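*Asks:* Below is the file protein_24.txt, which contains compact mmCIF, N, CA and C atoms.
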# COMPACT_ATOMS: atom_id res chain seq x y z
N ALA A 95 35.15 69.24 86.09
CA ALA A 95 35.69 68.13 86.86
C ALA A 95 35.17 68.17 88.31
N ASP A 96 35.10 69.38 88.89
CA ASP A 96 34.59 69.50 90.25
C ASP A 96 33.13 69.09 90.34
N LEU A 97 32.36 69.48 89.35
CA LEU A 97 30.93 69.14 89.33
C LEU A 97 30.75 67.62 89.27
N LYS A 98 31.56 66.94 88.50
CA LYS A 98 31.49 65.47 88.41
C LYS A 98 31.73 64.83 89.78
N LYS A 99 32.69 65.39 90.54
CA LYS A 99 32.97 64.85 91.87
C LYS A 99 31.76 65.03 92.79
N ILE A 100 31.13 66.18 92.71
CA ILE A 100 29.95 66.44 93.55
C ILE A 100 28.78 65.59 93.09
N GLU A 101 28.59 65.47 91.77
CA GLU A 101 27.49 64.66 91.23
C GLU A 101 27.58 63.22 91.70
N SER A 102 28.78 62.72 91.86
CA SER A 102 28.94 61.32 92.28
C SER A 102 28.41 61.10 93.70
N LEU A 103 28.26 62.16 94.47
CA LEU A 103 27.77 62.05 95.85
C LEU A 103 26.25 62.23 95.95
N ALA A 104 25.62 62.69 94.86
CA ALA A 104 24.19 63.02 94.88
C ALA A 104 23.33 61.77 94.97
N ARG A 105 22.39 61.79 95.90
CA ARG A 105 21.41 60.71 96.06
C ARG A 105 20.04 61.24 95.66
N PRO A 106 19.49 60.78 94.54
CA PRO A 106 18.16 61.25 94.14
C PRO A 106 17.11 60.83 95.16
N MET A 107 16.23 61.75 95.49
CA MET A 107 15.18 61.48 96.47
C MET A 107 13.88 62.11 95.97
N VAL A 108 12.76 61.41 96.18
CA VAL A 108 11.46 61.92 95.76
C VAL A 108 10.52 61.88 96.96
N PHE A 109 9.78 62.98 97.15
CA PHE A 109 8.82 63.10 98.25
C PHE A 109 7.48 63.54 97.69
N ASP A 110 6.42 62.86 98.05
CA ASP A 110 5.08 63.24 97.63
C ASP A 110 4.62 64.48 98.39
N ALA A 111 3.65 65.17 97.84
CA ALA A 111 3.08 66.35 98.50
C ALA A 111 2.62 65.97 99.91
N GLY A 112 2.97 66.81 100.87
CA GLY A 112 2.60 66.58 102.26
C GLY A 112 3.62 65.77 103.05
N ALA A 113 4.57 65.16 102.38
CA ALA A 113 5.58 64.34 103.08
C ALA A 113 6.56 65.24 103.82
N THR A 114 6.99 64.78 104.99
CA THR A 114 8.01 65.48 105.76
C THR A 114 9.37 65.02 105.27
N ILE A 115 10.16 65.96 104.77
CA ILE A 115 11.49 65.66 104.25
C ILE A 115 12.50 65.67 105.39
N VAL A 116 12.35 66.64 106.26
CA VAL A 116 13.23 66.81 107.42
C VAL A 116 12.34 67.09 108.62
N ARG A 117 12.66 66.47 109.74
CA ARG A 117 11.87 66.68 110.96
C ARG A 117 12.72 67.38 112.02
N GLU A 118 12.16 68.41 112.63
CA GLU A 118 12.84 69.14 113.70
C GLU A 118 13.33 68.16 114.77
N GLY A 119 14.57 68.35 115.19
CA GLY A 119 15.16 67.51 116.23
C GLY A 119 15.94 66.31 115.70
N ASP A 120 15.72 65.94 114.43
CA ASP A 120 16.45 64.81 113.86
C ASP A 120 17.93 65.16 113.66
N ALA A 121 18.76 64.15 113.59
CA ALA A 121 20.18 64.35 113.28
C ALA A 121 20.29 64.98 111.90
N ALA A 122 21.18 65.94 111.78
CA ALA A 122 21.36 66.65 110.51
C ALA A 122 22.55 66.03 109.78
N ASN A 123 22.27 65.09 108.88
CA ASN A 123 23.36 64.42 108.18
C ASN A 123 23.29 64.54 106.67
N LEU A 124 22.30 65.28 106.16
CA LEU A 124 22.18 65.49 104.72
C LEU A 124 21.96 66.96 104.40
N LEU A 125 22.53 67.38 103.30
CA LEU A 125 22.29 68.68 102.68
C LEU A 125 21.46 68.38 101.44
N PHE A 126 20.43 69.19 101.14
CA PHE A 126 19.52 68.92 100.04
C PHE A 126 19.59 70.00 98.98
N ALA A 127 19.47 69.60 97.72
CA ALA A 127 19.33 70.52 96.59
C ALA A 127 18.04 70.15 95.86
N VAL A 128 17.15 71.11 95.70
CA VAL A 128 15.85 70.87 95.07
C VAL A 128 16.01 70.90 93.55
N ALA A 129 15.51 69.87 92.89
CA ALA A 129 15.53 69.80 91.42
C ALA A 129 14.15 70.16 90.85
N GLN A 130 13.08 69.66 91.49
CA GLN A 130 11.71 69.93 91.04
C GLN A 130 10.81 70.05 92.25
N GLY A 131 9.77 70.87 92.10
CA GLY A 131 8.78 71.01 93.16
C GLY A 131 9.14 72.10 94.15
N VAL A 132 8.31 72.20 95.20
CA VAL A 132 8.50 73.22 96.22
C VAL A 132 8.32 72.58 97.60
N ALA A 133 9.20 72.96 98.51
CA ALA A 133 9.12 72.50 99.90
C ALA A 133 9.17 73.72 100.81
N SER A 134 8.52 73.61 101.96
CA SER A 134 8.49 74.73 102.91
C SER A 134 9.10 74.34 104.24
N VAL A 135 9.80 75.30 104.84
CA VAL A 135 10.30 75.15 106.19
C VAL A 135 9.16 75.55 107.11
N ARG A 136 8.85 74.68 108.05
CA ARG A 136 7.73 74.91 108.97
C ARG A 136 8.21 74.75 110.40
N LEU A 137 7.74 75.63 111.25
CA LEU A 137 8.08 75.61 112.66
C LEU A 137 6.80 75.40 113.46
N THR A 138 6.83 74.48 114.39
CA THR A 138 5.68 74.23 115.25
C THR A 138 5.77 75.13 116.46
N LEU A 139 4.71 75.92 116.67
CA LEU A 139 4.65 76.85 117.80
C LEU A 139 3.58 76.39 118.77
N PRO A 140 3.88 76.46 120.06
CA PRO A 140 2.88 76.05 121.04
C PRO A 140 1.72 77.05 121.05
N GLY A 141 0.54 76.56 121.35
CA GLY A 141 -0.63 77.42 121.48
C GLY A 141 -1.34 77.11 122.77
N GLU A 142 -2.29 77.95 123.13
CA GLU A 142 -3.03 77.72 124.38
C GLU A 142 -3.81 76.41 124.32
N LEU A 143 -4.44 76.14 123.18
CA LEU A 143 -5.24 74.92 123.06
C LEU A 143 -4.50 73.82 122.30
N GLU A 144 -3.79 74.22 121.27
CA GLU A 144 -3.03 73.23 120.49
C GLU A 144 -1.90 73.93 119.75
N ALA A 145 -0.90 73.15 119.37
CA ALA A 145 0.24 73.69 118.63
C ALA A 145 -0.20 74.04 117.22
N ARG A 146 0.53 74.99 116.61
CA ARG A 146 0.24 75.35 115.23
C ARG A 146 1.54 75.39 114.44
N SER A 147 1.42 75.10 113.16
CA SER A 147 2.57 75.09 112.27
C SER A 147 2.61 76.39 111.47
N VAL A 148 3.79 77.02 111.43
CA VAL A 148 3.96 78.29 110.72
C VAL A 148 5.01 78.10 109.63
N ARG A 149 4.67 78.55 108.42
CA ARG A 149 5.63 78.49 107.32
C ARG A 149 6.63 79.63 107.46
N LEU A 150 7.92 79.29 107.43
CA LEU A 150 8.96 80.30 107.52
C LEU A 150 9.47 80.73 106.15
N SER A 151 9.62 79.76 105.26
CA SER A 151 10.11 80.04 103.91
C SER A 151 9.86 78.83 103.04
N SER A 152 10.06 79.02 101.74
CA SER A 152 9.89 77.92 100.79
C SER A 152 11.10 77.85 99.87
N PHE A 153 11.35 76.65 99.35
CA PHE A 153 12.47 76.42 98.45
C PHE A 153 11.98 75.74 97.20
N GLY A 154 12.50 76.17 96.04
CA GLY A 154 12.14 75.57 94.77
C GLY A 154 13.38 75.12 94.02
N PRO A 155 13.20 74.77 92.76
CA PRO A 155 14.32 74.27 91.96
C PRO A 155 15.53 75.20 91.98
N GLY A 156 16.69 74.59 92.17
CA GLY A 156 17.93 75.35 92.20
C GLY A 156 18.32 75.84 93.58
N GLN A 157 17.43 75.65 94.55
CA GLN A 157 17.73 76.10 95.91
C GLN A 157 18.08 74.91 96.79
N SER A 158 18.74 75.21 97.89
CA SER A 158 19.14 74.15 98.81
C SER A 158 18.60 74.43 100.20
N PHE A 159 18.57 73.38 101.01
CA PHE A 159 18.21 73.53 102.41
C PHE A 159 18.95 72.46 103.21
N GLY A 160 19.00 72.67 104.51
CA GLY A 160 19.73 71.74 105.38
C GLY A 160 21.21 72.07 105.48
N GLU A 161 21.57 73.29 105.10
CA GLU A 161 22.98 73.68 105.07
C GLU A 161 23.63 73.69 106.44
N MET A 162 22.83 73.96 107.47
CA MET A 162 23.42 74.03 108.82
C MET A 162 24.03 72.69 109.20
N ALA A 163 23.56 71.60 108.58
CA ALA A 163 24.14 70.28 108.83
C ALA A 163 25.62 70.26 108.50
N LEU A 164 25.98 70.90 107.40
CA LEU A 164 27.38 70.94 106.98
C LEU A 164 28.19 71.89 107.86
N LEU A 165 27.53 72.92 108.38
CA LEU A 165 28.24 73.91 109.18
C LEU A 165 28.46 73.46 110.62
N ASP A 166 27.42 72.88 111.24
CA ASP A 166 27.58 72.54 112.65
C ASP A 166 27.27 71.10 113.01
N GLY A 167 26.69 70.33 112.08
CA GLY A 167 26.41 68.93 112.34
C GLY A 167 25.44 68.68 113.48
N GLY A 168 24.67 69.69 113.84
CA GLY A 168 23.74 69.56 114.96
C GLY A 168 22.45 68.86 114.56
N ARG A 169 21.39 69.24 115.20
CA ARG A 169 20.06 68.68 114.94
C ARG A 169 19.27 69.64 114.06
N ARG A 170 18.27 69.11 113.40
CA ARG A 170 17.42 69.94 112.54
C ARG A 170 16.66 70.95 113.40
N SER A 171 16.57 72.18 112.92
CA SER A 171 15.95 73.25 113.70
C SER A 171 14.48 73.47 113.35
N ALA A 172 14.00 72.82 112.29
CA ALA A 172 12.61 72.97 111.86
C ALA A 172 12.26 71.80 110.94
N ASP A 173 10.97 71.67 110.65
CA ASP A 173 10.51 70.66 109.68
C ASP A 173 10.63 71.25 108.28
N VAL A 174 10.85 70.39 107.29
CA VAL A 174 10.73 70.78 105.89
C VAL A 174 9.73 69.81 105.28
N VAL A 175 8.66 70.37 104.69
CA VAL A 175 7.55 69.57 104.17
C VAL A 175 7.38 69.85 102.68
N ALA A 176 7.14 68.81 101.91
CA ALA A 176 6.91 68.96 100.46
C ALA A 176 5.53 69.59 100.25
N ASP A 177 5.49 70.75 99.61
CA ASP A 177 4.22 71.41 99.28
C ASP A 177 3.56 70.74 98.08
N GLN A 178 4.38 70.19 97.24
CA GLN A 178 3.97 69.43 96.06
C GLN A 178 5.02 68.34 95.91
N LYS A 179 4.87 67.49 94.93
CA LYS A 179 5.88 66.45 94.73
C LYS A 179 7.25 67.11 94.55
N VAL A 180 8.21 66.64 95.33
CA VAL A 180 9.56 67.22 95.30
C VAL A 180 10.56 66.16 94.90
N MET A 181 11.39 66.51 93.93
CA MET A 181 12.53 65.69 93.55
C MET A 181 13.75 66.50 93.96
N CYS A 182 14.59 65.90 94.80
CA CYS A 182 15.78 66.61 95.25
C CYS A 182 16.95 65.64 95.32
N TYR A 183 18.09 66.20 95.59
CA TYR A 183 19.30 65.40 95.76
C TYR A 183 19.80 65.59 97.18
N GLY A 184 20.09 64.49 97.84
CA GLY A 184 20.66 64.55 99.18
C GLY A 184 22.15 64.30 99.10
N PHE A 185 22.88 65.09 99.85
CA PHE A 185 24.34 64.96 99.90
C PHE A 185 24.74 64.68 101.34
N SER A 186 25.42 63.57 101.55
CA SER A 186 25.89 63.21 102.88
C SER A 186 26.90 64.23 103.38
N VAL A 187 26.66 64.75 104.57
CA VAL A 187 27.59 65.71 105.17
C VAL A 187 28.96 65.07 105.33
N GLU A 188 28.98 63.85 105.78
CA GLU A 188 30.25 63.14 105.97
C GLU A 188 31.02 63.02 104.65
N GLU A 189 30.33 62.65 103.58
CA GLU A 189 30.99 62.51 102.28
C GLU A 189 31.46 63.86 101.75
N LEU A 190 30.69 64.93 101.98
CA LEU A 190 31.12 66.26 101.54
C LEU A 190 32.37 66.69 102.30
N ARG A 191 32.42 66.38 103.59
CA ARG A 191 33.62 66.72 104.37
C ARG A 191 34.84 65.93 103.89
N GLU A 192 34.62 64.64 103.57
CA GLU A 192 35.72 63.82 103.05
C GLU A 192 36.21 64.37 101.71
N LEU A 193 35.26 64.80 100.87
CA LEU A 193 35.63 65.41 99.59
C LEU A 193 36.45 66.67 99.84
N GLY A 194 36.08 67.43 100.87
CA GLY A 194 36.79 68.65 101.21
C GLY A 194 38.22 68.40 101.65
N VAL A 195 38.45 67.26 102.29
CA VAL A 195 39.82 66.92 102.68
C VAL A 195 40.64 66.60 101.43
N ALA A 196 40.04 65.85 100.52
CA ALA A 196 40.73 65.48 99.28
C ALA A 196 40.90 66.66 98.33
N ASP A 197 39.90 67.55 98.33
CA ASP A 197 39.91 68.69 97.41
C ASP A 197 39.31 69.91 98.12
N PRO A 198 40.12 70.62 98.90
CA PRO A 198 39.62 71.74 99.70
C PRO A 198 38.94 72.84 98.89
N THR A 199 39.32 73.01 97.64
CA THR A 199 38.73 74.06 96.82
C THR A 199 37.23 73.82 96.62
N ILE A 200 36.84 72.56 96.45
CA ILE A 200 35.42 72.25 96.26
C ILE A 200 34.63 72.61 97.51
N LEU A 201 35.11 72.22 98.67
CA LEU A 201 34.40 72.52 99.91
C LEU A 201 34.36 74.02 100.16
N THR A 202 35.43 74.73 99.83
CA THR A 202 35.45 76.18 99.98
C THR A 202 34.38 76.82 99.11
N THR A 203 34.22 76.35 97.90
CA THR A 203 33.19 76.88 97.00
C THR A 203 31.80 76.60 97.55
N ILE A 204 31.58 75.38 98.03
CA ILE A 204 30.27 75.02 98.60
C ILE A 204 29.98 75.90 99.81
N LEU A 205 30.94 76.05 100.71
CA LEU A 205 30.74 76.85 101.90
C LEU A 205 30.53 78.33 101.57
N SER A 206 31.20 78.83 100.57
CA SER A 206 30.99 80.23 100.14
C SER A 206 29.57 80.43 99.64
N ASN A 207 29.08 79.48 98.86
CA ASN A 207 27.71 79.58 98.35
C ASN A 207 26.70 79.49 99.49
N ILE A 208 26.93 78.59 100.43
CA ILE A 208 26.04 78.45 101.58
C ILE A 208 26.03 79.75 102.39
N THR A 209 27.20 80.31 102.61
CA THR A 209 27.30 81.55 103.38
C THR A 209 26.51 82.66 102.71
N ARG A 210 26.62 82.77 101.41
CA ARG A 210 25.86 83.79 100.66
C ARG A 210 24.36 83.58 100.83
N ASP A 211 23.90 82.32 100.69
CA ASP A 211 22.48 82.02 100.83
C ASP A 211 21.98 82.30 102.24
N LEU A 212 22.74 81.89 103.25
CA LEU A 212 22.32 82.12 104.63
C LEU A 212 22.30 83.61 104.97
N THR A 213 23.24 84.36 104.42
CA THR A 213 23.26 85.81 104.64
C THR A 213 22.00 86.45 104.06
N GLU A 214 21.61 86.02 102.87
CA GLU A 214 20.40 86.55 102.24
C GLU A 214 19.17 86.20 103.08
N ARG A 215 19.10 84.97 103.56
CA ARG A 215 17.96 84.55 104.39
C ARG A 215 17.91 85.33 105.70
N LEU A 216 19.06 85.59 106.29
CA LEU A 216 19.10 86.36 107.53
C LEU A 216 18.62 87.79 107.30
N ARG A 217 19.02 88.39 106.19
CA ARG A 217 18.56 89.74 105.88
C ARG A 217 17.04 89.77 105.70
N LEU A 218 16.50 88.77 105.02
CA LEU A 218 15.04 88.69 104.86
C LEU A 218 14.34 88.53 106.20
N ALA A 219 14.89 87.67 107.06
CA ALA A 219 14.30 87.47 108.38
C ALA A 219 14.35 88.76 109.19
N ASN A 220 15.45 89.50 109.12
CA ASN A 220 15.55 90.77 109.83
C ASN A 220 14.49 91.75 109.35
N ASN A 221 14.28 91.81 108.05
CA ASN A 221 13.26 92.71 107.50
C ASN A 221 11.87 92.30 107.96
N GLU A 222 11.60 91.00 108.01
CA GLU A 222 10.29 90.53 108.48
C GLU A 222 10.09 90.88 109.95
N ILE A 223 11.13 90.74 110.75
CA ILE A 223 11.04 91.09 112.17
C ILE A 223 10.76 92.58 112.32
N ARG A 224 11.46 93.40 111.54
CA ARG A 224 11.23 94.85 111.58
C ARG A 224 9.78 95.18 111.25
N THR A 225 9.25 94.52 110.22
CA THR A 225 7.87 94.75 109.82
C THR A 225 6.89 94.34 110.92
N LEU A 226 7.13 93.20 111.54
CA LEU A 226 6.26 92.73 112.61
C LEU A 226 6.30 93.64 113.83
N GLU A 227 7.46 94.23 114.10
CA GLU A 227 7.62 95.06 115.28
C GLU A 227 7.14 96.50 115.08
N SER A 228 6.90 96.89 113.83
CA SER A 228 6.47 98.28 113.59
C SER A 228 4.98 98.42 113.51
Spit out the file's structure as structure tokens when you get a sec.
*Replies:*
Amino acid sequence: ADLKKIESLARPMVFDAGATIVREGDAANLLFAVAQGVASVRLTLPGELEARSVRLSSFGPGQSFGEMALLDGGRRSADVVADQKVMCYGFSVEELRELGVADPTILTTILSNITRDLTERLRLANNEIRTLES
């Protein structure tokens, strides 16, 4: 029953390879779940002659991105670009919050899963920093 409620909020979205799904600095109003394809989080770093784009991580089927939108509603912190054709589902942050008011258990489950995923990503980032610094 809970899954049906969440499914009703899903907006199917398709992005061709090379398309920017999320742009750094944009309003963060959607959470995404990848159904097919692969997308990468990219950060633009300034350079002496020109800026360069660095891949931070990639997401494939069954993974989500844009979770910080649900947590803080701020702006996007990096670009997300489709590495290949990507089919994903967008979930409105506003609608997820409204669902959470009507059914707090669903939002608690979503937030618990997001917390677990973000914790795993933070541990990976810490390990990468350790490797770079050694």
*Asks:* Figure out the distance between CA of Ala176 (chain A) and CA of Leu226 (chain A), please, to one decimal in Å.
*Replies:*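 Straight-line distance from CA of Leu226 (chain A) to CA of Ala176 (chain A) works out to 26.7 Å.
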*Asks:* Between CA of Thr114 (chain A) and atom N of Leu190 (chain A), what is the distance in Å, rounded to a tenth?
*Replies:*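 Computing it gives 23.0 Å between the two atoms.
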*Asks:* Quick one: residues within 10 Å of (8.6, 74.5, 97.2) (file frame), counting only C-alpha atoms, please, as a short mmCIF file (atom, residue, chain, number, x, y, z; two decimals) with N, CA and C atoms, keeping the file's coordinate frame.
*Replies:*
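Wrote point.cif, looks like this:
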data_model
loop_
_atom_site.label_atom_id
_atom_site.label_comp_id
_atom_site.auth_asym_id
_atom_site.auth_seq_id
_atom_site.Cartn_x
_atom_site.Cartn_y
_atom_site.Cartn_z
N ALA A 111 3.65 65.17 97.84
CA ALA A 111 3.08 66.35 98.50
C ALA A 111 2.62 65.97 99.91
N VAL A 128 17.15 71.11 95.70
CA VAL A 128 15.85 70.87 95.07
C VAL A 128 16.01 70.90 93.55
N GLN A 130 13.08 69.66 91.49
CA GLN A 130 11.71 69.93 91.04
C GLN A 130 10.81 70.05 92.25
N GLY A 131 9.77 70.87 92.10
CA GLY A 131 8.78 71.01 93.16
C GLY A 131 9.14 72.10 94.15
N VAL A 132 8.31 72.20 95.20
CA VAL A 132 8.50 73.22 96.22
C VAL A 132 8.32 72.58 97.60
N ALA A 133 9.20 72.96 98.51
CA ALA A 133 9.12 72.50 99.90
C ALA A 133 9.17 73.72 100.81
N SER A 134 8.52 73.61 101.96
CA SER A 134 8.49 74.73 102.91
C SER A 134 9.10 74.34 104.24
N VAL A 135 9.80 75.30 104.84
CA VAL A 135 10.30 75.15 106.19
C VAL A 135 9.16 75.55 107.11
N SER A 151 9.62 79.76 105.26
CA SER A 151 10.11 80.04 103.91
C SER A 151 9.86 78.83 103.04
N SER A 152 10.06 79.02 101.74
CA SER A 152 9.89 77.92 100.79
C SER A 152 11.10 77.85 99.87
N PHE A 153 11.35 76.65 99.35
CA PHE A 153 12.47 76.42 98.45
C PHE A 153 11.98 75.74 97.20
N GLY A 154 12.50 76.17 96.04
CA GLY A 154 12.14 75.57 94.77
C GLY A 154 13.38 75.12 94.02
N PRO A 155 13.20 74.77 92.76
CA PRO A 155 14.32 74.27 91.96
C PRO A 155 15.53 75.20 91.98
N GLN A 157 17.43 75.65 94.55
CA GLN A 157 17.73 76.10 95.91
C GLN A 157 18.08 74.91 96.79
N VAL A 174 10.85 70.39 107.29
CA VAL A 174 10.73 70.78 105.89
C VAL A 174 9.73 69.81 105.28
N VAL A 175 8.66 70.37 104.69
CA VAL A 175 7.55 69.57 104.17
C VAL A 175 7.38 69.85 102.68
N ALA A 176 7.14 68.81 101.91
CA ALA A 176 6.91 68.96 100.46
C ALA A 176 5.53 69.59 100.25
N ASP A 177 5.49 70.75 99.61
CA ASP A 177 4.22 71.41 99.28
C ASP A 177 3.56 70.74 98.08
N GLN A 178 4.38 70.19 97.24
CA GLN A 178 3.97 69.43 96.06
C GLN A 178 5.02 68.34 95.91
N LYS A 179 4.87 67.49 94.93
CA LYS A 179 5.88 66.45 94.73
C LYS A 179 7.25 67.11 94.55
N VAL A 180 8.21 66.64 95.33
CA VAL A 180 9.56 67.22 95.30
C VAL A 180 10.56 66.16 94.90
#
*Asks:* In Å, how far is it from atom C of Met181 (chain A) to CA of Glu161 (chain A)?
*Replies:*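 According to the coordinates, atom C of Met181 (chain A) and CA of Glu161 (chain A) are separated by 16.1 Å.
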*Asks:* Given the choices A:Glu101, A:Asp173, A:Glu144, A:Asp110, which gets closest to Ala127 (chain A) if the distance is worked out from only C-alpha atoms?
*Replies:*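 Closest to Ala127 (chain A), using only C-alpha atoms: A:Glu101.
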*Asks:* Would you be able to write out as a list in words which residues have an atom within 12 Å of (19.7, 81.3, 100.6) in the file's coordinates, counting only C-alpha atoms?
*Replies:* Ala127, Ser151, Ser152, Phe153, Gly154, Gly156, Gln157, Ser158, Phe159, Gly160, Glu161, Met162, Leu205, Ser206, Asn207, Ile208, Thr209, Arg210, Asp211, Leu212, Thr213, Glu214, Arg215, Leu216, Arg217, Leu218 and Ala219 of chain A
*Asks:* Write down as a ChimeraX atom specification the residues belonging to chain A that are assigned helix (DSSP H, G or I) by DSSP computed on the backbone.
*Replies:* /A:96-101,162-166,187-196,198-227
*Asks:* Using the chain letters and numbers from this document, which residues of chain A does DSSP assign to strand (DSSP E), as a PyMOL selection string?
*Replies:* chain A and resi 105-109+114-116+124-130+133-139+146-153+158-159+173-176+180-186
*Asks:* Nearest to Phe126 (chain A): which of A:Cys182, A:Ala113, A:Leu143, A:Leu97 is it, counting all atoms listed in the file?
*Replies:*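 Looking at the shortest contact to Phe126 (chain A), the residue is A:Cys182.
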*Asks:* Let me have the centre and edge lengths in Å, one decimal, of the box along x, y and z around every listed atom of region 127-141 of chain A with 5 Å of margin on each side, as AutoDock Vina command-line options.
*Replies:*
--center_x 9.1 --center_y 73.5 --center_z 106.8 --size_x 30.8 --size_y 17.8 --size_z 41.9
*Asks:* Of the candidates A:Leu103, A:Val116, A:Ala122, A:Leu165, which shows the shortest atom-to-atom distance to Tyr183 (chain A), using all atoms listed in the file?
*Replies:*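 Of the candidates, the smallest distance to Tyr183 (chain A) is held by A:Leu103.
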